[in-house]
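> Structure provided below as structure tokens; questions to follow.
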Amino acid sequence: MHERYNPYTGKRIVVGLDDPIPAAAALGLEPPRFCVECGRRMIVQVSPDGWWAKCSRHGVTDSHSLDHR
């Protein structure tokens, strides 16, 4: 299993340790700022109809692709 990172804080996720999600993110008002694969800061663009975030190593994620999961 590989490491995962919190998309809002960039901290490595450790099983058994509490890693709270910021209130704005929990309400869906904040896009992820860090890559869940590597923890790197991403380039983020927010628009009225959604957002996209780009990791230099793992590519682009957007709000529309997450809606279909």
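By order in the structure tokens, chains are A, B, ...; within a chain, residues start at 1; ligands start at 1, following the order shown.
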I'd like the contact shell of segment 38-51 of chain A - 9 Å cut-off, only C-alpha atoms, skipping same-chain residues fewer than 3 positions apart - returned as a list in words.

Glu3, Arg4, Tyr5, Asn6, Pro7, Thr9, Gly10, Lys11, Arg12, Pro31, Pro32, Arg33, Phe34, Cys35, Lys54, Cys55, Ser56, Arg57, His58, Thr61, Asp62, Ser63 and His64 of chain A

> Using Å and a single decimal, report how far atom CA of Ile21 of chain A sits from atom CA of Tyr8 of chain A.

7.1 Å

> List every residue of chain A that DSSP, applied to the backbone, labels as helix (DSSP H, G or I), and write the result as a ChimeraX atom specification.

/A:23-26,63-67

> Could you give me, as a PDB file with C-alpha atoms, in the first residue's frame, each residue of segment 8-56 of chain A that DSSP assigns to strand (DSSP E) when run on this structure's backbone?


ATOM      1  CA  ILE A  43      -2.095  24.652  -9.170  1.00  0.00           C
ATOM      2  CA  VAL A  44      -5.809  25.316  -8.577  1.00  0.00           C
ATOM      3  CA  GLN A  45      -8.277  27.260 -10.717  1.00  0.00           C
ATOM      4  CA  VAL A  46     -11.769  28.007  -9.396  1.00  0.00           C
ATOM      5  CA  SER A  47     -14.632  29.100 -11.656  1.00  0.00           C
ATOM      6  CA  GLY A  50     -16.408  24.188 -10.536  1.00  0.00           C
ATOM      7  CA  TRP A  51     -12.641  23.892 -10.162  1.00  0.00           C
ATOM      8  CA  TRP A  52      -9.614  22.014 -11.484  1.00  0.00           C
ATOM      9  CA  ALA A  53      -6.355  21.196  -9.732  1.00  0.00           C
ATOM     10  CA  LYS A  54      -3.105  20.115 -11.374  1.00  0.00           C
ATOM     11  CA  CYS A  55      -0.258  18.160  -9.778  1.00  0.00           C
TER      12      CYS A  55
END

> Tell me, in Å to one decimal, how far atom CA of Val60 of chain A is from atom CA of Val15 of chain A.

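About the pair atom CA of Val60 of chain A and atom CA of Val15 of chain A: they are 26.3 Å apart.
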
> So how far away is atom CA of His2 of chain A from atom CA of Ala26 of chain A, in Å?

24.7 Å
